[in-house]
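A.B. asks: File follows, start35.pdb with PDB, C-alpha atoms and all ligand atoms:
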MODEL        1
ATOM      1  CA  MET F   1     104.225  99.821 127.815  1.00  0.00           C
ATOM      2  CA  ALA F   2     100.581 100.616 127.171  1.00  0.00           C
ATOM      3  CA  HIS F   3      99.351 100.101 123.629  1.00  0.00           C
ATOM      4  CA  LYS F   4      96.396 100.377 121.268  1.00  0.00           C
ATOM      5  CA  GLY F   5      95.376  97.994 118.511  1.00  0.00           C
ATOM      6  CA  PHE F   6      96.869  98.953 115.165  1.00  0.00           C
ATOM      7  CA  THR F   7      97.854  97.385 111.868  1.00  0.00           C
ATOM      8  CA  LEU F   8     101.289  98.144 110.519  1.00  0.00           C
ATOM      9  CA  TRP F   9     100.862  97.233 106.861  1.00  0.00           C
ATOM     10  CA  PHE F  10     104.152  96.795 105.025  1.00  0.00           C
ATOM     11  CA  THR F  11     104.094  96.926 101.234  1.00  0.00           C
ATOM     12  CA  GLY F  12     106.934  96.832  98.738  1.00  0.00           C
ATOM     13  CA  LEU F  13     108.760  94.661  96.235  1.00  0.00           C
ATOM     14  CA  SER F  14     110.315  91.313  97.075  1.00  0.00           C
ATOM     15  CA  GLY F  15     113.555  91.841  98.970  1.00  0.00           C
ATOM     16  CA  ALA F  16     112.693  95.427  99.883  1.00  0.00           C
ATOM     17  CA  GLY F  17     112.797  94.662 103.614  1.00  0.00           C
ATOM     18  CA  LYS F  18     109.229  93.947 104.766  1.00  0.00           C
ATOM     19  CA  THR F  19     110.011  90.776 106.719  1.00  0.00           C
ATOM     20  CA  THR F  20     113.230  92.224 108.145  1.00  0.00           C
ATOM     21  CA  LEU F  21     111.447  95.316 109.477  1.00  0.00           C
ATOM     22  CA  ALA F  22     108.317  93.437 110.567  1.00  0.00           C
ATOM     23  CA  ASP F  23     110.512  91.163 112.704  1.00  0.00           C
ATOM     24  CA  LEU F  24     112.560  94.045 114.140  1.00  0.00           C
ATOM     25  CA  VAL F  25     109.436  95.985 115.147  1.00  0.00           C
ATOM     26  CA  ALA F  26     107.795  92.809 116.498  1.00  0.00           C
ATOM     27  CA  ASP F  27     110.914  92.140 118.625  1.00  0.00           C
ATOM     28  CA  LYS F  28     110.801  95.669 119.986  1.00  0.00           C
ATOM     29  CA  LEU F  29     107.121  95.244 120.890  1.00  0.00           C
ATOM     30  CA  ALA F  30     107.936  91.925 122.565  1.00  0.00           C
ATOM     31  CA  GLN F  31     110.752  93.516 124.588  1.00  0.00           C
ATOM     32  CA  SER F  32     108.291  96.210 125.650  1.00  0.00           C
ATOM     33  CA  GLY F  33     105.772  93.628 126.840  1.00  0.00           C
ATOM     34  CA  VAL F  34     103.280  94.450 124.086  1.00  0.00           C
ATOM     35  CA  PRO F  35     101.306  91.560 122.524  1.00  0.00           C
ATOM     36  CA  ARG F  36     101.567  91.421 118.724  1.00  0.00           C
ATOM     37  CA  GLU F  37     101.034  89.142 115.758  1.00  0.00           C
ATOM     38  CA  VAL F  38     102.997  89.069 112.508  1.00  0.00           C
ATOM     39  CA  LEU F  39     101.214  87.992 109.318  1.00  0.00           C
ATOM     40  CA  ASP F  40     104.016  87.388 106.832  1.00  0.00           C
ATOM     41  CA  GLY F  41     103.067  86.703 103.216  1.00  0.00           C
ATOM     42  CA  ASP F  42     105.398  83.717 102.960  1.00  0.00           C
ATOM     43  CA  VAL F  43     103.864  82.113 106.052  1.00  0.00           C
ATOM     44  CA  VAL F  44     100.254  83.001 105.193  1.00  0.00           C
ATOM     45  CA  ARG F  45     100.648  81.362 101.791  1.00  0.00           C
ATOM     46  CA  THR F  46     101.437  78.043 103.532  1.00  0.00           C
ATOM     47  CA  ASN F  47      98.203  78.014 105.552  1.00  0.00           C
ATOM     48  CA  LEU F  48      95.462  80.680 105.377  1.00  0.00           C
ATOM     49  CA  SER F  49      96.108  81.270 101.659  1.00  0.00           C
ATOM     50  CA  LYS F  50      97.453  77.823 100.744  1.00  0.00           C
ATOM     51  CA  GLY F  51      96.643  76.995  97.124  1.00  0.00           C
ATOM     52  CA  LEU F  52      96.438  80.596  95.948  1.00  0.00           C
ATOM     53  CA  GLY F  53      98.661  81.592  93.040  1.00  0.00           C
ATOM     54  CA  PHE F  54      99.946  84.883  91.721  1.00  0.00           C
ATOM     55  CA  SER F  55      97.183  86.041  89.361  1.00  0.00           C
ATOM     56  CA  LYS F  56      95.733  89.443  90.198  1.00  0.00           C
ATOM     57  CA  GLU F  57      92.633  87.746  91.569  1.00  0.00           C
ATOM     58  CA  ASP F  58      94.614  85.395  93.844  1.00  0.00           C
ATOM     59  CA  ARG F  59      96.942  88.153  95.019  1.00  0.00           C
ATOM     60  CA  ASP F  60      93.915  90.288  95.913  1.00  0.00           C
ATOM     61  CA  THR F  61      92.283  87.363  97.732  1.00  0.00           C
ATOM     62  CA  ASN F  62      95.486  86.826  99.724  1.00  0.00           C
ATOM     63  CA  ILE F  63      95.529  90.493 100.757  1.00  0.00           C
ATOM     64  CA  ARG F  64      91.826  90.479 101.682  1.00  0.00           C
ATOM     65  CA  ARG F  65      92.384  87.444 103.922  1.00  0.00           C
ATOM     66  CA  ILE F  66      95.356  89.028 105.651  1.00  0.00           C
ATOM     67  CA  GLY F  67      93.349  92.236 106.021  1.00  0.00           C
ATOM     68  CA  PHE F  68      90.441  90.322 107.548  1.00  0.00           C
ATOM     69  CA  VAL F  69      92.600  88.686 110.221  1.00  0.00           C
ATOM     70  CA  ALA F  70      94.399  91.982 110.894  1.00  0.00           C
ATOM     71  CA  LYS F  71      91.047  93.653 111.450  1.00  0.00           C
ATOM     72  CA  LEU F  72      89.839  90.977 113.886  1.00  0.00           C
ATOM     73  CA  LEU F  73      92.977  91.192 115.979  1.00  0.00           C
ATOM     74  CA  SER F  74      93.585  94.927 115.906  1.00  0.00           C
ATOM     75  CA  ARG F  75      89.998  95.813 116.836  1.00  0.00           C
ATOM     76  CA  ASN F  76      90.558  93.728 119.960  1.00  0.00           C
ATOM     77  CA  GLY F  77      93.620  95.712 120.894  1.00  0.00           C
ATOM     78  CA  ILE F  78      96.313  93.442 119.435  1.00  0.00           C
ATOM     79  CA  PRO F  79      98.944  95.185 117.304  1.00  0.00           C
ATOM     80  CA  VAL F  80      99.303  93.417 113.946  1.00  0.00           C
ATOM     81  CA  ILE F  81     102.190  93.635 111.523  1.00  0.00           C
ATOM     82  CA  THR F  82     101.688  92.398 107.967  1.00  0.00           C
ATOM     83  CA  ALA F  83     104.486  91.729 105.500  1.00  0.00           C
ATOM     84  CA  ALA F  84     103.172  90.833 102.066  1.00  0.00           C
ATOM     85  CA  ILE F  85     104.073  92.492  98.753  1.00  0.00           C
ATOM     86  CA  SER F  86     100.483  93.792  98.383  1.00  0.00           C
ATOM     87  CA  PRO F  87     101.108  95.086  94.864  1.00  0.00           C
ATOM     88  CA  TYR F  88      97.671  96.529  94.076  1.00  0.00           C
ATOM     89  CA  ARG F  89      96.599  99.913  95.380  1.00  0.00           C
ATOM     90  CA  GLU F  90      92.863  99.326  95.179  1.00  0.00           C
ATOM     91  CA  VAL F  91      92.818  96.309  97.471  1.00  0.00           C
ATOM     92  CA  ARG F  92      95.266  97.975  99.891  1.00  0.00           C
ATOM     93  CA  ASP F  93      92.893 100.920 100.067  1.00  0.00           C
ATOM     94  CA  GLU F  94      89.972  98.554 100.592  1.00  0.00           C
ATOM     95  CA  VAL F  95      91.772  97.031 103.594  1.00  0.00           C
ATOM     96  CA  ARG F  96      92.634 100.526 104.843  1.00  0.00           C
ATOM     97  CA  LYS F  97      88.926 101.410 104.761  1.00  0.00           C
ATOM     98  CA  ASN F  98      87.847  98.172 106.468  1.00  0.00           C
ATOM     99  CA  ILE F  99      90.346  98.518 109.281  1.00  0.00           C
ATOM    100  CA  GLY F 100      89.819 102.251 109.648  1.00  0.00           C
ATOM    101  CA  LYS F 101      91.611 104.060 112.448  1.00  0.00           C
ATOM    102  CA  GLY F 102      94.881 102.375 113.290  1.00  0.00           C
ATOM    103  CA  PHE F 103      95.795 101.354 109.734  1.00  0.00           C
ATOM    104  CA  ILE F 104      99.367 102.410 109.089  1.00  0.00           C
ATOM    105  CA  GLU F 105     100.731 101.828 105.591  1.00  0.00           C
ATOM    106  CA  VAL F 106     104.494 101.473 105.412  1.00  0.00           C
ATOM    107  CA  TYR F 107     105.998 101.650 101.933  1.00  0.00           C
ATOM    108  CA  VAL F 108     109.362  99.876 101.966  1.00  0.00           C
ATOM    109  CA  LYS F 109     111.243 101.177  98.954  1.00  0.00           C
ATOM    110  CA  ALA F 110     114.344 100.031  97.133  1.00  0.00           C
ATOM    111  CA  LYS F 111     115.517 100.575  93.583  1.00  0.00           C
ATOM    112  CA  LEU F 112     115.079  97.583  91.315  1.00  0.00           C
ATOM    113  CA  ASP F 113     118.863  97.566  90.748  1.00  0.00           C
ATOM    114  CA  THR F 114     119.396  97.234  94.486  1.00  0.00           C
ATOM    115  CA  LEU F 115     116.906  94.394  94.727  1.00  0.00           C
ATOM    116  CA  VAL F 116     118.531  92.525  91.857  1.00  0.00           C
ATOM    117  CA  LYS F 117     121.899  92.922  93.614  1.00  0.00           C
ATOM    118  CA  ARG F 118     120.485  91.810  96.986  1.00  0.00           C
ATOM    119  CA  ASP F 119     118.514  88.950  95.425  1.00  0.00           C
ATOM    120  CA  VAL F 120     117.827  87.631  98.932  1.00  0.00           C
ATOM    121  CA  LYS F 121     115.902  84.573  97.717  1.00  0.00           C
ATOM    122  CA  GLY F 122     117.565  84.205  94.308  1.00  0.00           C
ATOM    123  CA  LEU F 123     114.224  84.965  92.662  1.00  0.00           C
ATOM    124  CA  TYR F 124     115.189  88.044  90.622  1.00  0.00           C
ATOM    125  CA  GLU F 125     117.750  86.113  88.628  1.00  0.00           C
ATOM    126  CA  LYS F 126     115.128  83.530  87.765  1.00  0.00           C
ATOM    127  CA  ALA F 127     112.476  86.164  87.026  1.00  0.00           C
ATOM    128  CA  ILE F 128     114.802  88.070  84.705  1.00  0.00           C
ATOM    129  CA  LYS F 129     115.629  84.846  82.859  1.00  0.00           C
ATOM    130  CA  GLY F 130     111.888  84.220  82.524  1.00  0.00           C
ATOM    131  CA  GLU F 131     112.009  81.113  84.702  1.00  0.00           C
ATOM    132  CA  ILE F 132     109.431  82.627  87.053  1.00  0.00           C
ATOM    133  CA  LYS F 133     106.397  84.236  85.454  1.00  0.00           C
ATOM    134  CA  ALA F 134     104.433  87.198  86.834  1.00  0.00           C
ATOM    135  CA  PHE F 135     107.178  88.332  89.215  1.00  0.00           C
ATOM    136  CA  THR F 136     106.300  91.659  90.817  1.00  0.00           C
ATOM    137  CA  GLY F 137     108.501  94.510  89.626  1.00  0.00           C
ATOM    138  CA  VAL F 138     109.938  92.462  86.752  1.00  0.00           C
ATOM    139  CA  SER F 139     107.012  90.968  84.864  1.00  0.00           C
ATOM    140  CA  ASP F 140     104.019  91.891  87.030  1.00  0.00           C
ATOM    141  CA  PRO F 141     102.809  95.284  88.276  1.00  0.00           C
ATOM    142  CA  TYR F 142     103.591  97.041  91.534  1.00  0.00           C
ATOM    143  CA  GLU F 143     101.466 100.082  92.261  1.00  0.00           C
ATOM    144  CA  GLU F 144     103.249 102.432  94.647  1.00  0.00           C
ATOM    145  CA  PRO F 145     101.273 103.824  97.576  1.00  0.00           C
ATOM    146  CA  LEU F 146     100.318 107.468  97.094  1.00  0.00           C
ATOM    147  CA  ASN F 147      99.634 108.304 100.742  1.00  0.00           C
ATOM    148  CA  ALA F 148     101.611 105.904 102.891  1.00  0.00           C
ATOM    149  CA  GLU F 149     101.910 107.008 106.520  1.00  0.00           C
ATOM    150  CA  ILE F 150     105.567 105.957 106.515  1.00  0.00           C
ATOM    151  CA  VAL F 151     108.010 105.689 103.607  1.00  0.00           C
ATOM    152  CA  ILE F 152     111.240 103.775 104.151  1.00  0.00           C
ATOM    153  CA  ASP F 153     114.091 104.313 101.700  1.00  0.00           C
ATOM    154  CA  THR F 154     116.237 101.223 102.090  1.00  0.00           C
ATOM    155  CA  ASP F 155     118.754 102.522  99.537  1.00  0.00           C
ATOM    156  CA  ALA F 156     119.600 105.259 102.031  1.00  0.00           C
ATOM    157  CA  GLU F 157     118.933 103.729 105.478  1.00  0.00           C
ATOM    158  CA  GLY F 158     120.167 100.689 107.359  1.00  0.00           C
ATOM    159  CA  GLU F 159     117.590  98.309 108.775  1.00  0.00           C
ATOM    160  CA  LEU F 160     118.010  99.443 112.408  1.00  0.00           C
ATOM    161  CA  GLN F 161     117.565 103.069 111.370  1.00  0.00           C
ATOM    162  CA  SER F 162     114.397 102.143 109.456  1.00  0.00           C
ATOM    163  CA  ALA F 163     113.026 100.145 112.385  1.00  0.00           C
ATOM    164  CA  ASP F 164     113.676 103.126 114.704  1.00  0.00           C
ATOM    165  CA  LYS F 165     111.804 105.418 112.332  1.00  0.00           C
ATOM    166  CA  ILE F 166     108.760 103.136 112.470  1.00  0.00           C
ATOM    167  CA  TRP F 167     109.004 102.785 116.247  1.00  0.00           C
ATOM    168  CA  ASN F 168     109.187 106.578 116.636  1.00  0.00           C
ATOM    169  CA  TYR F 169     106.035 106.934 114.541  1.00  0.00           C
ATOM    170  CA  LEU F 170     104.188 104.481 116.833  1.00  0.00           C
ATOM    171  CA  VAL F 171     105.313 106.447 119.888  1.00  0.00           C
ATOM    172  CA  GLU F 172     104.549 109.887 118.396  1.00  0.00           C
ATOM    173  CA  LYS F 173     101.044 108.837 117.356  1.00  0.00           C
ATOM    174  CA  GLY F 174     100.348 107.250 120.746  1.00  0.00           C
ATOM    175  CA  PHE F 175      99.993 103.656 119.505  1.00  0.00           C
ATOM    176  CA  VAL F 176     102.536 102.641 122.139  1.00  0.00           C
ATOM    177  CA  VAL F 177     102.920 104.681 125.300  1.00  0.00           C
ATOM    178  CA  ALA F 178     105.560 104.437 128.008  1.00  0.00           C
ATOM    179  CA  GLU F 179     103.923 103.741 131.376  1.00  0.00           C
ATOM    180  CA  PRO F 180     104.350 106.615 133.833  1.00  0.00           C
ATOM    181  CA  ALA F 181     107.301 106.117 136.184  1.00  0.00           C
ATOM    182  CA  LEU F 182     104.874 106.082 139.142  1.00  0.00           C
ATOM    183  CA  ALA F 183     103.133 102.995 137.814  1.00  0.00           C
ATOM    184  CA  ARG F 184     106.419 101.089 138.075  1.00  0.00           C
ATOM    185  CA  ALA F 185     107.136 102.221 141.627  1.00  0.00           C
TER     186      ALA F 185
HETATM  187  N1  LIG M   1     116.660  99.715 105.668  1.00  0.00           N
HETATM  188  C1  LIG M   1     116.448  98.412 105.480  1.00  0.00           C
HETATM  189  N2  LIG M   1     115.340  97.822 105.974  1.00  0.00           N
HETATM  190  C2  LIG M   1     115.103  96.499 105.779  1.00  0.00           C
HETATM  191  N3  LIG M   1     115.931  95.662 105.100  1.00  0.00           N
HETATM  192  C3  LIG M   1     117.055  96.185 104.594  1.00  0.00           C
HETATM  193  C4  LIG M   1     117.372  97.583 104.754  1.00  0.00           C
HETATM  194  N4  LIG M   1     118.546  97.821 104.142  1.00  0.00           N
HETATM  195  C5  LIG M   1     118.957  96.648 103.634  1.00  0.00           C
HETATM  196  N5  LIG M   1     118.080  95.659 103.896  1.00  0.00           N
HETATM  197  C6  LIG M   1     118.233  94.226 103.491  1.00  0.00           C
HETATM  198  O1  LIG M   1     117.262  93.922 102.511  1.00  0.00           O
HETATM  199  C7  LIG M   1     116.861  92.559 102.621  1.00  0.00           C
HETATM  200  C8  LIG M   1     115.356  92.498 102.771  1.00  0.00           C
HETATM  201  O2  LIG M   1     114.897  91.169 102.765  1.00  0.00           O
HETATM  202  P1  LIG M   1     113.458  90.755 103.289  1.00  0.00           P
HETATM  203  O3  LIG M   1     113.411  89.269 103.299  1.00  0.00           O
HETATM  204  O4  LIG M   1     113.144  91.465 104.551  1.00  0.00           O
HETATM  205  O5  LIG M   1     112.513  91.316 102.129  1.00  0.00           O
HETATM  206  P2  LIG M   1     110.941  91.173 101.924  1.00  0.00           P
HETATM  207  O6  LIG M   1     110.445  92.534 101.584  1.00  0.00           O
HETATM  208  O7  LIG M   1     110.324  90.488 103.084  1.00  0.00           O
HETATM  209  O8  LIG M   1     110.846  90.263 100.608  1.00  0.00           O
HETATM  210  P3  LIG M   1     109.731  89.190 100.179  1.00  0.00           P
HETATM  211  O9  LIG M   1     108.560  89.948  99.641  1.00  0.00           O
HETATM  212  O10 LIG M   1     110.415  88.388  99.098  1.00  0.00           O
HETATM  213  O11 LIG M   1     109.400  88.349 101.371  1.00  0.00           O
HETATM  214  C9  LIG M   1     117.597  91.973 103.815  1.00  0.00           C
HETATM  215  O12 LIG M   1     118.731  91.284 103.342  1.00  0.00           O
HETATM  216  C10 LIG M   1     117.993  93.235 104.614  1.00  0.00           C
HETATM  217  O13 LIG M   1     119.163  93.034 105.373  1.00  0.00           O
HETATM  218 MG    MG M   2     109.310  88.695 103.293  1.00  0.00          MG
ENDMDL
END
Would you put the structure from the file into structure tokens?
Ligand SMILES: Nc1ncnc2c1ncn2[C@@H]1O[C@H](COP(=O)(O)OP(=O)(O)OP(=O)(O)O)[C@@H](O)[C@H]1O
Ligand SMILES: [Mg+2]
C.D. replies:
Amino acid sequence: MAHKGFTLWFTGLSGAGKTTLADLVADKLAQSGVPREVLDGDVVRTNLSKGLGFSKEDRDTNIRRIGFVAKLLSRNGIPVITAAISPYREVRDEVRKNIGKGFIEVYVKAKLDTLVKRDVKGLYEKAIKGEIKAFTGVSDPYEEPLNAEIVIDTDAEGELQSADKIWNYLVEKGFVVAEPALARA
């Protein structure tokens, strides 16, 4: 498949489905022979952002760093997928502006009740008990995107359905393009 550089920027609460969908879309790109890089918040915090905490300032710094790397790669034609909570609208919009064309914000939504039930990492239980401070959605803010290109409602959709929706957007907008049959002949 032919492709352009783009940045698929996932945002949403912990356990909403950012990593799950980032990996599904990355796999689909891989199967289609498209180069790609995933910048997952959990991984980035062990290297590029090692030592940063969860104050507003540190969270913003983390997002700016991810945005910087995404810009470098995507402007050179490499599709980038980021999966960090990115709770603050202002810094997300700053990254959007820096990256420019090809920035695709994906808001991965789930009700707080659902997330507490899923509790994928066991963090909500601890946050609700007060054992973890400044936990996004429980004791720290999450500012919803107002103009996300794609909104995923994980209370209503399964993960494969959500991944398909994102893939269809990439195809419709021409970020990935099937090679003409002739080229394969
Ligand atoms: N439509 C959906 N899309 C993605 N995940 C879904 C969907 N429906 C249910 N899920 C489930 O929600 C969970 C999402 O977990 P995941 O680790 O991807 O969250 P996350 O947003 O990366 O969280 P964190 O910010 O803590 O890393 C998984 O268990 C996944 O199976
Ligand atoms: Mg994750």
A.B. asks: Could you list, as a ChimeraX atom specification, every residue within 7 Å of F:Lys109, counting only C-alpha atoms and ignoring same-chain residues fewer than 3 positions away?
C.D. replies: /F:12,16,152-154
A.B. asks: Would you please work out which residue, of F:Lys126, F:Leu73, F:Asp27, F:Ile166, is nearest to F:Ser139 when using all atoms listed in the file?
C.D. replies: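 Comparing F:Lys126, F:Leu73, F:Asp27, F:Ile166 against F:Ser139, the winner is F:Lys126.
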A.B. asks: Name the residues captured by the PyMOL selection byres (((chain F and resi 51-57) around 12) and not hetatm) when it is applied to the shown file; answer as a PyMOL selection string.
C.D. replies: chain F and resi 41-42+44-50+58-65+85-91+132-136+139-142
A.B. asks: Find the residues near ligand LIG 1 (chain M). Use a cut-off of 7 Å, count only C-alpha atoms and all ligand atoms, and write them as a PyMOL selection string.
C.D. replies: chain F and resi 12-21+41-42+83-85+118+120-121+152-155+157-162
A.B. asks: Can you pull out every residue within 10 Å of F:Ala2, counting only C-alpha atoms, but drop anything in the same chain fewer than 3 positions away, and send it as a PDB file with C-alpha atoms, keeping the file's coordinate frame?
C.D. replies:
ATOM      1  CA  SER F  32     108.291  96.210 125.650  1.00  0.00           C
ATOM      2  CA  GLY F  33     105.772  93.628 126.840  1.00  0.00           C
ATOM      3  CA  VAL F  34     103.280  94.450 124.086  1.00  0.00           C
ATOM      4  CA  GLY F 174     100.348 107.250 120.746  1.00  0.00           C
ATOM      5  CA  PHE F 175      99.993 103.656 119.505  1.00  0.00           C
ATOM      6  CA  VAL F 176     102.536 102.641 122.139  1.00  0.00           C
ATOM      7  CA  VAL F 177     102.920 104.681 125.300  1.00  0.00           C
ATOM      8  CA  ALA F 178     105.560 104.437 128.008  1.00  0.00           C
ATOM      9  CA  GLU F 179     103.923 103.741 131.376  1.00  0.00           C
ATOM     10  CA  PRO F 180     104.350 106.615 133.833  1.00  0.00           C
TER      11      PRO F 180
END
A.B. asks: Restricting the calculation to all atoms listed in the file: of F:Leu24, F:Leu29, F:Val43, F:Ile104, which residue gets closest to F:Ala148?
C.D. replies: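 For F:Ala148, the nearest of the given residues is F:Ile104.
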A.B. asks: Interatomic distance between atom CA of F:Asp113 and atom CA of F:Gly130?
C.D. replies: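 Taking atom CA of F:Asp113 as the start and atom CA of F:Gly130 as the end point, the length is 17.2 Å.
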A.B. asks: Measuring atom to atom with only C-alpha atoms, identify which of F:Glu131, F:Glu172, F:Asp164, F:Asp40 is nearest to F:Ile81.
C.D. replies: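 Using only C-alpha atoms, the shortest distance to F:Ile81 belongs to F:Asp40.
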A.B. asks: Could you state the separation of atom CA of F:Leu112 and atom CA of F:Leu146 in Å, given to one decimal place?
C.D. replies: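 Value for the atom CA of F:Leu112-atom CA of F:Leu146 distance: 18.7 Å.
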A.B. asks: Hey, which of F:Val38, F:Lys173, F:His3, F:Glu94 ends up closest to ligand MG 2 (chain M)? Count only C-alpha atoms and all ligand atoms.
C.D. replies: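 Of the candidates, the smallest distance to ligand MG 2 (chain M) is held by F:Val38.
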